[in-house]
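Below is model.csv, holding CSV, C-alpha atoms.
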```csv
chain,number,residue,atom,x,y,z
A,40,ASN,CA,73.7,21.6,60.3
A,41,LYS,CA,71.2,24.3,60.7
A,42,ARG,CA,67.5,23.5,60.1
A,43,GLN,CA,65.9,25.1,57.1
A,44,PRO,CA,63.3,27.7,58.1
A,45,SER,CA,59.7,26.5,58.1
A,46,ILE,CA,57.6,27.6,55.1
A,47,GLU,CA,54.8,29.9,56.1
A,48,ALA,CA,51.3,28.9,54.9
A,49,PRO,CA,50.0,31.1,52.1
A,50,VAL,CA,46.7,31.5,53.8
A,51,LYS,CA,47.1,31.5,57.6
A,52,GLY,CA,44.6,29.2,59.4
A,53,ASN,CA,43.5,27.5,56.2
A,54,SER,CA,46.6,25.5,55.2
A,55,LEU,CA,48.3,22.5,56.6
A,56,TRP,CA,51.9,21.8,55.6
A,57,VAL,CA,52.9,18.2,55.9
A,58,PRO,CA,56.6,17.2,55.4
A,59,SER,CA,57.5,14.3,53.2
A,60,GLY,CA,56.5,11.0,54.7
A,61,ALA,CA,54.2,12.9,57.2
A,62,ALA,CA,57.3,13.3,59.4
A,63,CYS,CA,55.5,15.6,61.9
A,64,GLY,CA,53.3,15.5,64.9
A,65,VAL,CA,50.1,15.4,62.8
A,66,ALA,CA,50.7,11.7,62.4
A,67,ILE,CA,50.6,10.9,66.1
A,68,SER,CA,46.8,10.7,66.4
A,69,GLY,CA,46.5,8.1,63.7
A,70,CYS,CA,49.3,6.0,65.2
A,71,ARG,CA,47.6,6.2,68.6
A,72,LEU,CA,44.5,4.7,67.0
A,73,LEU,CA,46.5,2.0,65.3
A,74,SER,CA,48.3,1.1,68.5
A,75,ARG,CA,44.9,0.7,70.3
A,76,GLU,CA,43.6,-1.6,67.5
A,77,ILE,CA,46.8,-3.8,67.6
A,78,TYR,CA,46.8,-3.8,71.4
A,79,GLU,CA,43.1,-4.9,71.6
A,80,PHE,CA,43.5,-7.5,68.9
A,81,TRP,CA,46.5,-9.1,70.6
A,82,GLU,CA,44.9,-8.9,74.0
A,83,GLN,CA,42.1,-11.1,72.6
A,84,HIS,CA,44.1,-13.4,70.3
A,85,GLY,CA,47.7,-13.3,71.4
A,86,LYS,CA,47.4,-16.0,74.1
A,87,GLY,CA,50.3,-14.5,76.0
A,88,ARG,CA,52.8,-14.8,73.1
A,89,PRO,CA,55.4,-12.1,72.3
A,90,LEU,CA,54.6,-10.1,69.2
A,91,SER,CA,56.7,-8.1,66.8
A,92,VAL,CA,54.8,-5.6,64.8
A,93,CYS,CA,56.8,-5.1,61.6
A,94,LEU,CA,56.3,-2.3,59.1
A,95,PRO,CA,58.1,-1.0,56.1
A,96,SER,CA,59.6,2.4,56.6
A,97,GLY,CA,60.8,5.4,54.7
A,98,THR,CA,60.9,8.3,57.1
A,99,CYS,CA,60.1,5.8,59.9
A,100,THR,CA,57.4,8.2,61.1
A,101,THR,CA,54.7,5.5,61.6
A,102,GLY,CA,57.2,3.2,63.3
A,103,LEU,CA,58.4,5.8,65.8
A,104,PHE,CA,55.0,7.1,66.8
A,105,LEU,CA,53.5,3.6,66.9
A,106,HIS,CA,56.3,2.5,69.2
A,107,ARG,CA,55.7,5.6,71.4
A,108,GLU,CA,52.0,5.1,71.6
A,109,MET,CA,52.2,1.3,72.2
A,110,THR,CA,54.7,1.8,75.0
A,111,LYS,CA,52.3,4.3,76.7
A,112,LEU,CA,49.4,2.0,76.2
A,113,VAL,CA,51.1,-1.0,77.7
A,114,ARG,CA,52.4,1.1,80.6
A,115,GLU,CA,49.0,2.8,81.3
A,116,ASN,CA,47.2,-0.6,81.4
A,117,LYS,CA,49.9,-2.1,83.5
A,118,SER,CA,49.9,-4.9,81.0
A,119,GLU,CA,52.4,-7.8,80.8
A,120,MET,CA,51.9,-8.1,77.1
A,121,ASP,CA,55.2,-8.2,75.1
A,122,ILE,CA,54.6,-6.1,72.0
A,123,LYS,CA,57.6,-4.8,70.1
A,124,VAL,CA,57.5,-2.5,67.1
A,125,VAL,CA,60.1,-3.3,64.4
A,126,VAL,CA,61.0,-0.8,61.6
A,127,ILE,CA,62.1,-2.3,58.3
A,128,PRO,CA,64.1,0.3,56.4
A,129,CYS,CA,63.2,0.6,52.7
A,130,VAL,CA,64.9,4.0,52.1
A,131,GLY,CA,68.5,4.1,53.2
A,132,ASP,CA,69.8,1.7,55.8
A,133,ASP,CA,69.5,1.1,59.5
A,134,THR,CA,71.8,4.0,60.4
A,135,TYR,CA,69.7,6.3,58.3
A,136,ALA,CA,66.5,5.0,59.9
A,137,VAL,CA,67.8,5.6,63.5
A,138,ARG,CA,69.0,9.1,62.6
A,139,GLN,CA,65.6,9.9,61.1
A,140,MET,CA,63.8,8.7,64.2
A,141,MET,CA,66.1,10.4,66.6
A,142,ASP,CA,65.5,13.7,64.9
A,143,LEU,CA,61.8,13.3,64.6
A,144,ASP,CA,61.5,12.1,68.2
A,145,ARG,CA,63.3,15.3,69.5
A,146,SER,CA,61.2,17.6,67.3
A,147,THR,CA,58.0,16.1,68.6
A,148,GLY,CA,58.8,16.3,72.3
A,149,GLY,CA,60.7,13.0,72.8
A,150,SER,CA,64.2,12.5,74.1
A,151,GLY,CA,65.8,11.5,70.8
A,152,GLN,CA,67.7,8.8,72.6
A,153,PRO,CA,68.2,5.4,71.0
A,154,ASP,CA,66.6,3.6,74.0
A,155,ASP,CA,63.3,5.4,73.2
A,156,LEU,CA,63.2,4.2,69.5
A,157,PRO,CA,61.7,1.1,68.0
A,158,ASP,CA,63.8,-1.8,66.9
A,159,VAL,CA,65.3,-1.8,63.4
A,160,LEU,CA,65.5,-5.0,61.3
A,161,THR,CA,69.0,-5.3,59.8
A,162,VAL,CA,70.3,-7.1,56.8
A,163,VAL,CA,71.5,-10.7,57.0
A,164,LYS,CA,74.5,-11.3,54.7
A,165,ASN,CA,73.9,-14.2,52.4
A,166,GLU,CA,77.0,-15.1,50.5
A,167,ASN,CA,75.1,-17.6,48.4
A,168,SER,CA,72.6,-15.1,47.1
A,169,LYS,CA,72.6,-14.1,43.4
A,170,ASP,CA,71.6,-10.6,44.5
A,171,ARG,CA,74.8,-8.5,44.9
A,172,ARG,CA,73.4,-6.3,47.7
A,173,GLN,CA,72.1,-9.3,49.7
A,174,LYS,CA,75.4,-11.1,49.2
A,175,PHE,CA,77.3,-8.3,50.8
A,176,GLY,CA,74.8,-7.5,53.5
A,177,LYS,CA,73.3,-4.3,51.9
A,178,TYR,CA,69.8,-3.0,51.9
A,179,PHE,CA,67.9,-2.8,48.6
A,180,THR,CA,68.3,0.5,46.7
A,181,PHE,CA,65.1,2.4,46.9
A,182,GLY,CA,63.1,2.4,43.7
A,183,LYS,CA,65.6,0.3,41.7
A,184,PRO,CA,64.1,-2.6,39.8
A,185,THR,CA,65.8,-5.9,40.7
A,186,LYS,CA,65.0,-9.5,39.9
A,187,THR,CA,65.1,-10.4,43.6
A,188,LEU,CA,62.3,-7.9,44.5
A,189,LEU,CA,60.3,-9.0,41.5
A,190,ASP,CA,60.6,-12.6,42.6
A,191,ILE,CA,59.4,-11.7,46.1
A,192,TYR,CA,56.5,-9.8,44.7
A,193,VAL,CA,55.4,-12.7,42.5
A,194,GLU,CA,55.9,-15.3,45.3
A,195,LEU,CA,53.8,-13.3,47.8
A,196,LYS,CA,51.0,-12.8,45.1
A,197,ASP,CA,50.9,-16.2,43.6
A,198,ASP,CA,51.8,-18.5,46.5
A,199,HIS,CA,50.4,-16.6,49.5
A,200,GLY,CA,47.6,-14.3,48.0
A,201,LEU,CA,49.3,-11.3,49.4
A,202,LEU,CA,49.6,-8.2,47.1
A,203,VAL,CA,52.3,-5.7,48.0
A,204,ASP,CA,53.9,-2.8,46.2
A,205,LEU,CA,57.5,-3.0,44.9
A,206,LEU,CA,58.8,0.1,46.6
A,207,TYR,CA,58.1,-0.8,50.2
A,208,GLY,CA,56.3,-4.1,50.6
A,209,ALA,CA,58.6,-6.3,48.5
A,210,PRO,CA,61.8,-5.0,50.1
A,211,ALA,CA,60.3,-5.3,53.6
A,212,TRP,CA,59.3,-8.9,52.9
A,213,GLY,CA,62.7,-9.6,51.4
A,214,LEU,CA,64.3,-8.6,54.6
A,215,LEU,CA,61.8,-10.7,56.7
A,216,PHE,CA,62.5,-13.7,54.5
A,217,GLN,CA,66.2,-13.4,55.3
A,218,HIS,CA,65.4,-13.9,59.0
A,219,TRP,CA,62.5,-16.3,58.7
A,220,ARG,CA,63.0,-19.9,59.5
A,221,THR,CA,59.6,-21.6,60.2
A,222,HIS,CA,59.1,-24.7,62.2
A,223,ARG,CA,55.8,-25.6,60.7
A,224,GLU,CA,55.0,-28.6,62.7
A,225,SER,CA,55.9,-27.5,66.3
A,226,HIS,CA,55.7,-23.7,65.9
A,227,PRO,CA,53.4,-22.8,63.0
A,228,GLY,CA,53.8,-19.2,62.0
A,229,LEU,CA,56.7,-18.5,64.4
A,230,PHE,CA,59.6,-16.5,63.2
A,231,GLU,CA,63.0,-17.6,64.4
A,232,GLY,CA,65.8,-15.3,63.5
A,233,ALA,CA,69.0,-16.3,62.0
A,234,ARG,CA,70.7,-15.3,65.2
A,235,THR,CA,69.9,-16.5,68.7
A,236,ASP,CA,70.8,-13.3,70.6
A,237,ASP,CA,68.7,-10.3,71.3
A,238,SER,CA,70.0,-8.5,68.2
A,239,CYS,CA,67.2,-10.1,66.1
A,240,PRO,CA,63.9,-8.4,67.1
A,241,ILE,CA,61.7,-11.1,65.5
A,242,ALA,CA,63.5,-14.2,66.9
A,243,GLY,CA,61.1,-16.6,68.6
A,244,ARG,CA,58.2,-14.1,68.3
A,245,GLN,CA,54.9,-13.9,66.4
A,246,VAL,CA,55.0,-11.4,63.6
A,247,MET,CA,52.3,-8.9,62.5
A,248,TYR,CA,53.0,-7.1,59.3
A,249,VAL,CA,51.4,-3.7,58.9
A,250,HIS,CA,50.6,-3.0,55.3
A,251,SER,CA,51.5,0.5,54.2
A,252,GLY,CA,49.4,0.8,51.1
A,253,GLY,CA,50.8,1.8,47.7
A,254,LEU,CA,48.9,-0.8,45.7
A,255,GLU,CA,47.6,1.8,43.2
A,256,GLY,CA,51.2,2.3,42.1
A,257,ILE,CA,51.9,-1.3,41.2
A,258,SER,CA,51.1,-0.9,37.5
A,259,SER,CA,53.5,2.0,37.1
A,260,GLN,CA,56.2,0.1,39.0
A,261,LEU,CA,55.8,-2.9,36.8
A,262,VAL,CA,56.2,-0.6,33.8
A,263,ARG,CA,59.7,0.2,35.0
A,264,TYR,CA,60.4,-3.6,35.3
A,265,LYS,CA,59.2,-4.0,31.7
A,266,HIS,CA,61.6,-1.2,30.5
A,267,ALA,CA,64.4,-3.1,32.4
A,268,GLY,CA,63.5,-6.2,30.4
A,269,MET,CA,62.4,-8.2,33.4
A,270,ILE,CA,58.8,-8.8,32.4
A,271,ASN,CA,56.6,-8.5,29.3
A,272,ALA,CA,53.6,-6.2,28.7
A,273,LYS,CA,51.1,-8.9,29.4
A,274,GLU,CA,52.3,-9.2,33.1
A,275,ILE,CA,51.4,-5.5,33.8
A,276,GLN,CA,48.0,-5.0,35.5
```
Just give me the structure as structure tokens.
Amino acid sequence: NKRQPSIEAPVKGNSLWVPSGAACGVAISGCRLLSREIYEFWEQHGKGRPLSVCLPSGTCTTGLFLHREMTKLVRENKSEMDIKVVVIPCVGDDTYAVRQMMDLDRSTGGSGQPDDLPDVLTVVKNENSKDRRQKFGKYFTFGKPTKTLLDIYVELKDDHGLLVDLLYGAPAWGLLFQHWRTHRESHPGLFEGARTDDSCPIAGRQVMYVHSGGLEGISSQLVRYKHAGMINAKEIQ
């Protein structure tokens, strides 16, 4: 498993080469800023409650670096705040996500050990689901139109006023919905995982979803759903 040699810039000093998914150290400074924004917001509004910061992930770059910077921030401020970063795999599965993060962590000065990585949200098997992948505890196939993802997209848009893309946002929320059981009267907004042990990183915690963009691509994504016979032309933005 030898690494491919890096590509030399055509004009030295005037070119910046960024791997797919920004899986390189260039992304660290932005994640440092994001961690500070989340930390300060939760310091003011968290009221001492534990927080899971959930974000959809492909290469898991943002998740890894956000976890690294948030850990530093909490430690440097000697804070007792409980802020956990949770990666939601949208490309591949949890094993792929961990492998990606371990490799990126090592290549950017980290240990590459599992204990230094953020949590990964896993699939909850639902034998009653009409979606075959959910029924057998599988992640969604990246980029493949499915009625389940379309239903999630429509529900978020129409019922909650939240617009997400169909490649990352809808699969991420699909996985969150698998774990989410809300006690609206006594614990409004609180996520309680399907399991009661520590294997569920959102159980009994407040959840902050980090939107990853991609809204400009919704129209082209809906065209694929039209070609698959799942929507009509009038439903495309």
Legend entry - Who sits within 9 Å of His106 (chain A), only C-alpha atoms, same chain under 5 positions skipped, as a ChimeraX atom specification: /A:70,74,101,111,123-125,155-158
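You will find CA of His266 (chain A) at 9.7 Å from CA of Pro184 (chain A).
Nearest residue to Trp81 (chain A), choosing from A:Ser118, A:Thr134, A:Thr147, A:Ser251 and counting all atoms listed in the file: A:Ser118.
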Legend entry - For Gly252 (chain A): contacts at 9 Å, all atoms listed in the file, fewer than 2 positions along chain excluded, given as a PyMOL selection string: chain A and resi 203-204+207-208+250+254-255
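Reported to one decimal place, the separation of CA of Tyr248 (chain A) from CA of Val130 (chain A) is 17.8 Å.
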Taking the point (58.2, 9.4, 67.7) as given in the file, collect each protein or nucleic acid residue that comes within 7 Å of it, counting only C-alpha atoms, and present the set as a PDB file with C-alpha atoms, in the frame of the given file.
```pdb
ATOM      1  CA  THR A 100      57.400   8.200  61.100  1.00  0.00           C
ATOM      2  CA  LEU A 103      58.400   5.800  65.800  1.00  0.00           C
ATOM      3  CA  PHE A 104      55.000   7.100  66.800  1.00  0.00           C
ATOM      4  CA  ARG A 107      55.700   5.600  71.400  1.00  0.00           C
ATOM      5  CA  MET A 140      63.800   8.700  64.200  1.00  0.00           C
ATOM      6  CA  LEU A 143      61.800  13.300  64.600  1.00  0.00           C
ATOM      7  CA  ASP A 144      61.500  12.100  68.200  1.00  0.00           C
ATOM      8  CA  THR A 147      58.000  16.100  68.600  1.00  0.00           C
ATOM      9  CA  GLY A 149      60.700  13.000  72.800  1.00  0.00           C
TER      10      GLY A 149
END
```
Inset, instruction - Enter the distance from CA of Tyr264 (chain A) to CA of Gly102 (chain A), in Å, rounded to one decimal. - result: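 Computing it gives 29.0 Å between the two atoms.
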Inset, instruction - Using all atoms listed in the file, determine which residues lie at most 8 Å from Gly176 (chain A), disregarding the query and same-chain residues fewer than 5 positions distant; provide the list as a PyMOL selection string. - result: chain A and resi 162-165
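If you measure from each of A:Asn53, A:Ser91, A:Ser68, A:Gln217 to Val246 (chain A) using all atoms listed in the file, the closest one turns out to be A:Ser91.
Nearest residue to Phe179 (chain A), choosing from A:Pro128, A:Asp198, A:Ser146, A:Met141 and counting all atoms listed in the file: A:Pro128.
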Inset, instruction - Within 9 Å of Tyr178 (chain A), counting only C-alpha atoms, which residues show up once you throw out same-chain ones fewer than 2 positions away? Write them as a list in words, please. - result: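 Counting only C-alpha atoms, the residues come to Pro128, Cys129, Val130, Gly131, Asp132, Asp133, Thr161, Val162, Arg172, Gln173, Gly176, Thr180, Phe181, Pro210 and Leu214 of chain A.
Residue nearest Gly182 (chain A) within the list A:Ser259, A:Ser54, A:Gln83, A:Ser59: A:Ser259 [criterion: smallest interatomic distance, all atoms listed in the file].
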Legend entry - Spatial neighbours of Ala267 (chain A), max dist 12 Å, only C-alpha atoms, sep filter under 3 positions, as number ranges by chain: A: 183-186, 189, 260-264, 270-272
Legend entry - Residue nearest Cys93 (chain A) - candidates A:Leu215, A:Gly253, A:Ile275, A:Ser150, atoms counted: all atoms listed in the file: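 Among the listed residues, the smallest separation from Cys93 (chain A) belongs to A:Leu215.
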Legend entry - Which of A:Ala62, A:Glu82, A:Val92, A:Lys51 sits closest to Val113 (chain A) [using only C-alpha atoms]: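 Nearest candidate to Val113 (chain A) out of A:Ala62, A:Glu82, A:Val92, A:Lys51: A:Glu82.
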Mind rebuilding region 175-203 of chain A with N, CA and C atoms and writing that out as a PDB file, in the frame of the given file?
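The file below, out04.pdb, is the result:
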```pdb
ATOM      1  N   PHE A 175      76.406  -9.078  49.986  1.00  0.00           N
ATOM      2  CA  PHE A 175      77.300  -8.300  50.800  1.00  0.00           C
ATOM      3  C   PHE A 175      76.658  -7.588  51.968  1.00  0.00           C
ATOM      4  N   GLY A 176      75.446  -8.014  52.311  1.00  0.00           N
ATOM      5  CA  GLY A 176      74.800  -7.500  53.500  1.00  0.00           C
ATOM      6  C   GLY A 176      74.329  -6.037  53.337  1.00  0.00           C
ATOM      7  N   LYS A 177      73.807  -5.670  52.155  1.00  0.00           N
ATOM      8  CA  LYS A 177      73.300  -4.300  51.900  1.00  0.00           C
ATOM      9  C   LYS A 177      71.821  -4.293  51.763  1.00  0.00           C
ATOM     10  N   TYR A 178      71.216  -3.166  52.127  1.00  0.00           N
ATOM     11  CA  TYR A 178      69.800  -3.000  51.900  1.00  0.00           C
ATOM     12  C   TYR A 178      69.522  -2.778  50.413  1.00  0.00           C
ATOM     13  N   PHE A 179      68.277  -3.008  49.996  1.00  0.00           N
ATOM     14  CA  PHE A 179      67.900  -2.800  48.600  1.00  0.00           C
ATOM     15  C   PHE A 179      67.978  -1.252  48.341  1.00  0.00           C
ATOM     16  N   THR A 180      68.332  -0.908  47.110  1.00  0.00           N
ATOM     17  CA  THR A 180      68.300   0.500  46.700  1.00  0.00           C
ATOM     18  C   THR A 180      66.916   0.928  46.399  1.00  0.00           C
ATOM     19  N   PHE A 181      66.449   1.977  47.052  1.00  0.00           N
ATOM     20  CA  PHE A 181      65.100   2.400  46.900  1.00  0.00           C
ATOM     21  C   PHE A 181      64.707   2.709  45.470  1.00  0.00           C
ATOM     22  N   GLY A 182      63.637   2.075  44.998  1.00  0.00           N
ATOM     23  CA  GLY A 182      63.100   2.400  43.700  1.00  0.00           C
ATOM     24  C   GLY A 182      63.820   1.680  42.520  1.00  0.00           C
ATOM     25  N   LYS A 183      64.890   0.969  42.778  1.00  0.00           N
ATOM     26  CA  LYS A 183      65.600   0.300  41.700  1.00  0.00           C
ATOM     27  C   LYS A 183      65.070  -1.063  41.408  1.00  0.00           C
ATOM     28  N   PRO A 184      64.628  -1.311  40.178  1.00  0.00           N
ATOM     29  CA  PRO A 184      64.100  -2.600  39.800  1.00  0.00           C
ATOM     30  C   PRO A 184      65.184  -3.708  39.937  1.00  0.00           C
ATOM     31  N   THR A 185      64.879  -4.794  40.623  1.00  0.00           N
ATOM     32  CA  THR A 185      65.800  -5.900  40.700  1.00  0.00           C
ATOM     33  C   THR A 185      65.001  -7.225  40.573  1.00  0.00           C
ATOM     34  N   LYS A 186      65.633  -8.247  40.057  1.00  0.00           N
ATOM     35  CA  LYS A 186      65.000  -9.500  39.900  1.00  0.00           C
ATOM     36  C   LYS A 186      64.575 -10.102  41.272  1.00  0.00           C
ATOM     37  N   THR A 187      65.400  -9.864  42.275  1.00  0.00           N
ATOM     38  CA  THR A 187      65.100 -10.400  43.600  1.00  0.00           C
ATOM     39  C   THR A 187      63.776  -9.814  44.126  1.00  0.00           C
ATOM     40  N   LEU A 188      63.569  -8.506  43.990  1.00  0.00           N
ATOM     41  CA  LEU A 188      62.300  -7.900  44.500  1.00  0.00           C
ATOM     42  C   LEU A 188      61.136  -8.369  43.624  1.00  0.00           C
ATOM     43  N   LEU A 189      61.340  -8.528  42.326  1.00  0.00           N
ATOM     44  CA  LEU A 189      60.300  -9.000  41.500  1.00  0.00           C
ATOM     45  C   LEU A 189      59.864 -10.428  41.867  1.00  0.00           C
ATOM     46  N   ASP A 190      60.855 -11.271  42.159  1.00  0.00           N
ATOM     47  CA  ASP A 190      60.600 -12.600  42.600  1.00  0.00           C
ATOM     48  C   ASP A 190      59.793 -12.663  43.902  1.00  0.00           C
ATOM     49  N   ILE A 191      60.145 -11.768  44.825  1.00  0.00           N
ATOM     50  CA  ILE A 191      59.400 -11.700  46.100  1.00  0.00           C
ATOM     51  C   ILE A 191      57.987 -11.255  45.882  1.00  0.00           C
ATOM     52  N   TYR A 192      57.799 -10.255  45.030  1.00  0.00           N
ATOM     53  CA  TYR A 192      56.500  -9.800  44.700  1.00  0.00           C
ATOM     54  C   TYR A 192      55.604 -10.888  44.117  1.00  0.00           C
ATOM     55  N   VAL A 193      56.162 -11.645  43.157  1.00  0.00           N
ATOM     56  CA  VAL A 193      55.400 -12.700  42.500  1.00  0.00           C
ATOM     57  C   VAL A 193      55.133 -13.851  43.494  1.00  0.00           C
ATOM     58  N   GLU A 194      56.100 -14.200  44.338  1.00  0.00           N
ATOM     59  CA  GLU A 194      55.900 -15.300  45.300  1.00  0.00           C
ATOM     60  C   GLU A 194      54.779 -14.922  46.298  1.00  0.00           C
ATOM     61  N   LEU A 195      54.800 -13.707  46.806  1.00  0.00           N
ATOM     62  CA  LEU A 195      53.800 -13.300  47.800  1.00  0.00           C
ATOM     63  C   LEU A 195      52.391 -13.306  47.097  1.00  0.00           C
ATOM     64  N   LYS A 196      52.333 -12.837  45.851  1.00  0.00           N
ATOM     65  CA  LYS A 196      51.000 -12.800  45.100  1.00  0.00           C
ATOM     66  C   LYS A 196      50.530 -14.132  44.747  1.00  0.00           C
ATOM     67  N   ASP A 197      51.375 -14.944  44.144  1.00  0.00           N
ATOM     68  CA  ASP A 197      50.900 -16.200  43.600  1.00  0.00           C
ATOM     69  C   ASP A 197      50.834 -17.334  44.633  1.00  0.00           C
ATOM     70  N   ASP A 198      51.788 -17.369  45.564  1.00  0.00           N
ATOM     71  CA  ASP A 198      51.800 -18.500  46.500  1.00  0.00           C
ATOM     72  C   ASP A 198      51.079 -18.195  47.821  1.00  0.00           C
ATOM     73  N   HIS A 199      50.946 -16.920  48.178  1.00  0.00           N
ATOM     74  CA  HIS A 199      50.400 -16.600  49.500  1.00  0.00           C
ATOM     75  C   HIS A 199      49.144 -15.663  49.391  1.00  0.00           C
ATOM     76  N   GLY A 200      48.797 -15.213  48.196  1.00  0.00           N
ATOM     77  CA  GLY A 200      47.600 -14.300  48.000  1.00  0.00           C
ATOM     78  C   GLY A 200      47.815 -12.979  48.675  1.00  0.00           C
ATOM     79  N   LEU A 201      49.059 -12.543  48.815  1.00  0.00           N
ATOM     80  CA  LEU A 201      49.300 -11.300  49.400  1.00  0.00           C
ATOM     81  C   LEU A 201      49.905 -10.306  48.388  1.00  0.00           C
ATOM     82  N   LEU A 202      49.183  -9.219  48.145  1.00  0.00           N
ATOM     83  CA  LEU A 202      49.600  -8.200  47.100  1.00  0.00           C
ATOM     84  C   LEU A 202      50.301  -7.075  47.835  1.00  0.00           C
ATOM     85  N   VAL A 203      51.545  -6.843  47.473  1.00  0.00           N
ATOM     86  CA  VAL A 203      52.300  -5.700  48.000  1.00  0.00           C
ATOM     87  C   VAL A 203      52.907  -4.898  46.923  1.00  0.00           C
TER      88      VAL A 203
END
```
